[in-house]
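K.L.:
Handing you this structure, nothing more for now.
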Amino acid sequence: MSQEDDRRIDLILGDAVTRLADASDSPRLDAELLLCHSIDLPRSYLFAHPEDVLDNTTFERFDALLRRRLDGEPMAYIMGSKEFWSHELLVSPATLVPRPETELLVDLALREIPRKAQWKILELGTGSGAIAVALAAERLMCEITAVDISDAALGVARQNARQLELSNITFAHGSWCEPVRGRQFDIIVSNPPYVRAGDDALTKLRYEPLEALAAGADGLDAVRALAAECGQVLKSDGVLLIEHGADQCEDVAAILAAAGWTDILNHADFAGHPRVTAARRGGT
Ligand code: GLN
């Protein structure tokens, strides 16, 4: 093979797909997206011009991206974006990559919030702002307050809100309910960290911010904080929706019940895993 052949689009792709087989669940898609990102052209170009030869600089750019992916870096960080609730969102290593199963949390919240409602919605631990942005876009008359302890994550979330021209989100910096003390919301949603501190999964997820993933020895520290704090800023009869691990639904229910929450109900994600628990603030 000549040196030119090494840089032919179809051959580059074939080679990259083979190399990505172990590192990715979708080697062909990843290879194509990385190549498009390097040549700054749409995917259709790859199919229309398989015999095109890349110049050296472009090839090196692609090779550098491929190496990052081979090392296990999520596609979302390499590409700088991820689709969630049909919005193309900016993400950075300061934020968790939005997961498709988190769309269940959005879906359940939307079922609670009437279309024309002018509710005050609180999101705790917004990260890239994925949930806040989805709710803000679906419920333009509601006011969303999105809290995060990471300034860097809030920077990304603010950019997402700006890029989607959503003016009904306010961002607040701090730990859980601390920045919204004294206020009252109609509904609270959160996808908090819930991975156990020593869990093997954290090695695989090593590119993502640990503080967005891990929550103490049993992974439930954040859920305990939410169960303890949210009642003070939620209207009576308001709903709290929390995402959690597939094997945590009973523990989450017990924590909520012990903190005085009622109507505790678990919901399964599209894979059939218990993923979100809803609870109501009883009393007046
Ligand atoms: N669902 C994530 C995972 O892949 C964890 C997200 C979280 O801790 N909020 O493990």
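Residues in the structure tokens are named by chain (A, B, ... in the order shown) and by number from 1 within that chain; ligands are numbered from 1 in the order shown.
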Using only C-alpha atoms and all ligand atoms, find each protein or nucleic acid residue lying at most 8 Å from ligand 1; present the set as a VMD selection string.
P.N.:
chain A and resid 96 99 101 to 102 191 to 195 201 to 202 205 212 to 215 243 to 245
K.L.:
Give me the residues within 6 Å of segment 165-180 of chain A as a PDB file with N, CA and C atoms, in the first residue's frame, counting only C-alpha atoms and dropping any in the same chain fewer than 5 places off.
P.N.:
ATOM      1  N   LEU A 124     -31.719  20.391  41.109  1.00  0.00           N
ATOM      2  CA  LEU A 124     -30.531  20.373  41.969  1.00  0.00           C
ATOM      3  C   LEU A 124     -29.439  19.511  41.342  1.00  0.00           C
ATOM      4  N   GLU A 143     -40.749  29.005  35.585  1.00  0.00           N
ATOM      5  CA  GLU A 143     -39.425  29.557  35.904  1.00  0.00           C
ATOM      6  C   GLU A 143     -38.585  28.460  36.509  1.00  0.00           C
ATOM      7  N   ILE A 144     -37.463  28.179  35.892  1.00  0.00           N
ATOM      8  CA  ILE A 144     -36.607  27.104  36.397  1.00  0.00           C
ATOM      9  C   ILE A 144     -35.412  27.703  37.119  1.00  0.00           C
ATOM     10  N   THR A 145     -35.130  27.194  38.308  1.00  0.00           N
ATOM     11  CA  THR A 145     -33.901  27.556  39.011  1.00  0.00           C
ATOM     12  C   THR A 145     -33.014  26.319  39.009  1.00  0.00           C
ATOM     13  N   ALA A 146     -31.811  26.439  38.485  1.00  0.00           N
ATOM     14  CA  ALA A 146     -30.911  25.290  38.366  1.00  0.00           C
ATOM     15  C   ALA A 146     -29.675  25.541  39.220  1.00  0.00           C
ATOM     16  N   VAL A 147     -29.435  24.618  40.148  1.00  0.00           N
ATOM     17  CA  VAL A 147     -28.351  24.783  41.126  1.00  0.00           C
ATOM     18  C   VAL A 147     -27.223  23.795  40.837  1.00  0.00           C
ATOM     19  N   ASP A 148     -25.997  24.227  41.020  1.00  0.00           N
ATOM     20  CA  ASP A 148     -24.872  23.283  40.995  1.00  0.00           C
ATOM     21  C   ASP A 148     -23.769  23.805  41.897  1.00  0.00           C
ATOM     22  N   ILE A 149     -22.988  22.869  42.428  1.00  0.00           N
ATOM     23  CA  ILE A 149     -21.886  23.261  43.306  1.00  0.00           C
ATOM     24  C   ILE A 149     -20.636  23.600  42.508  1.00  0.00           C
TER      25      ILE A 149
END
K.L.:
List every residue of segment 23-248 of chain A that DSSP, applied to the backbone of this structure, assigns to strand (DSSP E or B), and report them as a PyMOL selection string.
P.N.:
chain A and resi 53+81-84+87-90+120-124+143-148+169-173+185-190+195+214+234-243
K.L.:
Find the residue from A:Gln232, A:Thr95, A:Ser190, A:Ser81 that sits nearest to Ala157 of chain A; use only C-alpha atoms when measuring.
P.N.:
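Among the listed residues, A:Thr95 lies closest to Ala157 of chain A.
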K.L.:
Determine, counting only C-alpha atoms, which protein, DNA and RNA residues have an atom within 12 Å of an atom of Ala31 of chain A; residues of the same chain fewer than 5 positions away are not included. Present the result as a PyMOL selection string.
P.N.:
chain A and resi 9-21+23-26+36-38+43+46+62-63+65-70+75+78-79
K.L.:
Work out how far atom CA of Arg8 of chain A is from atom CA of Val53 of chain A, in Å to one decimal.
P.N.:
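Interatomic distance, atom CA of Val53 of chain A to atom CA of Arg8 of chain A: 4.3 Å.
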K.L.:
What residues in segment 44-182 of chain A get the DSSP label alpha helix (DSSP H)? Please answer as a PyMOL selection string.
P.N.:
chain A and resi 44-48+56-70+75-79+103-112+130-138+151-163
K.L.:
Restrict the selected residues to C-alpha atoms and save them as a PDB file, in the first residue's frame.
P.N.:
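Below you can see selection.pdb, which holds the result:
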ATOM      1  CA  SER A  44     -22.615  12.210   3.723  1.00  0.00           C
ATOM      2  CA  TYR A  45     -19.247  13.405   2.417  1.00  0.00           C
ATOM      3  CA  LEU A  46     -17.582  10.209   3.648  1.00  0.00           C
ATOM      4  CA  PHE A  47     -19.959   8.039   1.641  1.00  0.00           C
ATOM      5  CA  ALA A  48     -19.836  10.219  -1.459  1.00  0.00           C
ATOM      6  CA  ASN A  56      -1.316  15.143   6.413  1.00  0.00           C
ATOM      7  CA  THR A  57      -2.580  17.768   8.848  1.00  0.00           C
ATOM      8  CA  THR A  58      -6.160  16.479   8.654  1.00  0.00           C
ATOM      9  CA  PHE A  59      -4.990  12.916   9.038  1.00  0.00           C
ATOM     10  CA  GLU A  60      -2.980  13.812  12.135  1.00  0.00           C
ATOM     11  CA  ARG A  61      -5.964  15.658  13.562  1.00  0.00           C
ATOM     12  CA  PHE A  62      -8.110  12.553  13.072  1.00  0.00           C
ATOM     13  CA  ASP A  63      -5.442  10.289  14.519  1.00  0.00           C
ATOM     14  CA  ALA A  64      -5.211  12.425  17.674  1.00  0.00           C
ATOM     15  CA  LEU A  65      -9.000  12.225  18.175  1.00  0.00           C
ATOM     16  CA  LEU A  66      -8.982   8.484  17.529  1.00  0.00           C
ATOM     17  CA  ARG A  67      -6.308   7.991  20.179  1.00  0.00           C
ATOM     18  CA  ARG A  68      -8.413   9.859  22.733  1.00  0.00           C
ATOM     19  CA  ARG A  69     -11.373   7.612  21.962  1.00  0.00           C
ATOM     20  CA  LEU A  70      -9.180   4.479  22.132  1.00  0.00           C
ATOM     21  CA  MET A  75     -17.361  10.784  22.393  1.00  0.00           C
ATOM     22  CA  ALA A  76     -19.278  13.693  23.916  1.00  0.00           C
ATOM     23  CA  TYR A  77     -16.073  15.264  25.307  1.00  0.00           C
ATOM     24  CA  ILE A  78     -14.149  14.737  22.078  1.00  0.00           C
ATOM     25  CA  MET A  79     -16.958  16.213  19.983  1.00  0.00           C
ATOM     26  CA  GLU A 103     -34.934  11.540  29.800  1.00  0.00           C
ATOM     27  CA  LEU A 104     -37.276   9.504  32.054  1.00  0.00           C
ATOM     28  CA  LEU A 105     -36.810  12.144  34.758  1.00  0.00           C
ATOM     29  CA  VAL A 106     -37.772  14.884  32.288  1.00  0.00           C
ATOM     30  CA  ASP A 107     -40.727  12.871  31.066  1.00  0.00           C
ATOM     31  CA  LEU A 108     -42.057  12.276  34.596  1.00  0.00           C
ATOM     32  CA  ALA A 109     -41.624  15.943  35.509  1.00  0.00           C
ATOM     33  CA  LEU A 110     -43.536  17.002  32.389  1.00  0.00           C
ATOM     34  CA  ARG A 111     -46.384  14.662  33.318  1.00  0.00           C
ATOM     35  CA  GLU A 112     -46.664  16.534  36.648  1.00  0.00           C
ATOM     36  CA  ALA A 130     -29.610  19.138  30.269  1.00  0.00           C
ATOM     37  CA  ILE A 131     -32.672  18.625  32.491  1.00  0.00           C
ATOM     38  CA  ALA A 132     -33.246  22.331  33.161  1.00  0.00           C
ATOM     39  CA  VAL A 133     -32.996  23.160  29.469  1.00  0.00           C
ATOM     40  CA  ALA A 134     -35.395  20.362  28.473  1.00  0.00           C
ATOM     41  CA  LEU A 135     -37.972  21.501  31.067  1.00  0.00           C
ATOM     42  CA  ALA A 136     -37.535  25.181  30.236  1.00  0.00           C
ATOM     43  CA  ALA A 137     -38.084  24.518  26.526  1.00  0.00           C
ATOM     44  CA  GLU A 138     -41.188  22.381  27.136  1.00  0.00           C
ATOM     45  CA  ASP A 151     -18.866  26.909  38.876  1.00  0.00           C
ATOM     46  CA  ALA A 152     -17.363  25.306  35.790  1.00  0.00           C
ATOM     47  CA  ALA A 153     -20.476  23.174  35.241  1.00  0.00           C
ATOM     48  CA  LEU A 154     -22.708  26.236  35.690  1.00  0.00           C
ATOM     49  CA  GLY A 155     -20.661  27.989  32.996  1.00  0.00           C
ATOM     50  CA  VAL A 156     -21.509  25.185  30.555  1.00  0.00           C
ATOM     51  CA  ALA A 157     -25.174  25.121  31.632  1.00  0.00           C
ATOM     52  CA  ARG A 158     -25.458  28.907  31.137  1.00  0.00           C
ATOM     53  CA  GLN A 159     -24.032  28.595  27.630  1.00  0.00           C
ATOM     54  CA  ASN A 160     -26.586  25.899  26.814  1.00  0.00           C
ATOM     55  CA  ALA A 161     -29.471  28.057  28.007  1.00  0.00           C
ATOM     56  CA  ARG A 162     -28.128  31.028  26.031  1.00  0.00           C
ATOM     57  CA  GLN A 163     -27.536  29.000  22.896  1.00  0.00           C
TER      58      GLN A 163
END
K.L.:
Find the distance between atom CA of Asp55 of chain A and atom CA of Leu41 of chain A and write it in Å to one decimal.
P.N.:
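Going from atom CA of Asp55 of chain A over to atom CA of Leu41 of chain A covers 14.4 Å.
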K.L.:
Please provide as a ChimeraX atom specification all residues within 9 Å of Ile242 of chain A, with the sequence filter that same-chain residues fewer than 4 positions apart are discarded (counting only C-alpha atoms).
P.N.:
/A:105,188-192,223,226,252,275-279
K.L.:
Deliver the residues from the most recent selection as a file, using C-alpha atoms, as a PDB file, in the first residue's frame.
P.N.:
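Result went into part.pdb, see below:
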ATOM      1  CA  LEU A 105     -36.810  12.144  34.758  1.00  0.00           C
ATOM      2  CA  ILE A 188     -38.018  19.588  42.471  1.00  0.00           C
ATOM      3  CA  VAL A 189     -36.003  17.321  40.168  1.00  0.00           C
ATOM      4  CA  SER A 190     -32.508  15.938  40.574  1.00  0.00           C
ATOM      5  CA  ASN A 191     -30.082  13.517  38.973  1.00  0.00           C
ATOM      6  CA  PRO A 192     -27.568  13.518  41.825  1.00  0.00           C
ATOM      7  CA  VAL A 223     -30.090  11.169  48.153  1.00  0.00           C
ATOM      8  CA  LEU A 226     -32.006  15.735  49.151  1.00  0.00           C
ATOM      9  CA  VAL A 252     -34.034   5.415  48.218  1.00  0.00           C
ATOM     10  CA  ARG A 275     -34.436   4.568  37.755  1.00  0.00           C
ATOM     11  CA  VAL A 276     -36.493   7.434  39.175  1.00  0.00           C
ATOM     12  CA  THR A 277     -38.361   7.701  42.461  1.00  0.00           C
ATOM     13  CA  ALA A 278     -41.131  10.224  43.021  1.00  0.00           C
ATOM     14  CA  ALA A 279     -42.212  11.366  46.473  1.00  0.00           C
TER      15      ALA A 279
END
K.L.:
Which residue gives the smallest distance to Arg115 of chain A among A:Val91, A:Val97, A:Ala257, A:Met141, with only C-alpha atoms counted?
P.N.:
A:Met141
K.L.:
Can you measure atom CA of Gln184 of chain A to atom CA of Gly125 of chain A for me? One decimal in Å is fine.
P.N.:
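Straight-line distance from atom CA of Gln184 of chain A to atom CA of Gly125 of chain A works out to 17.5 Å.
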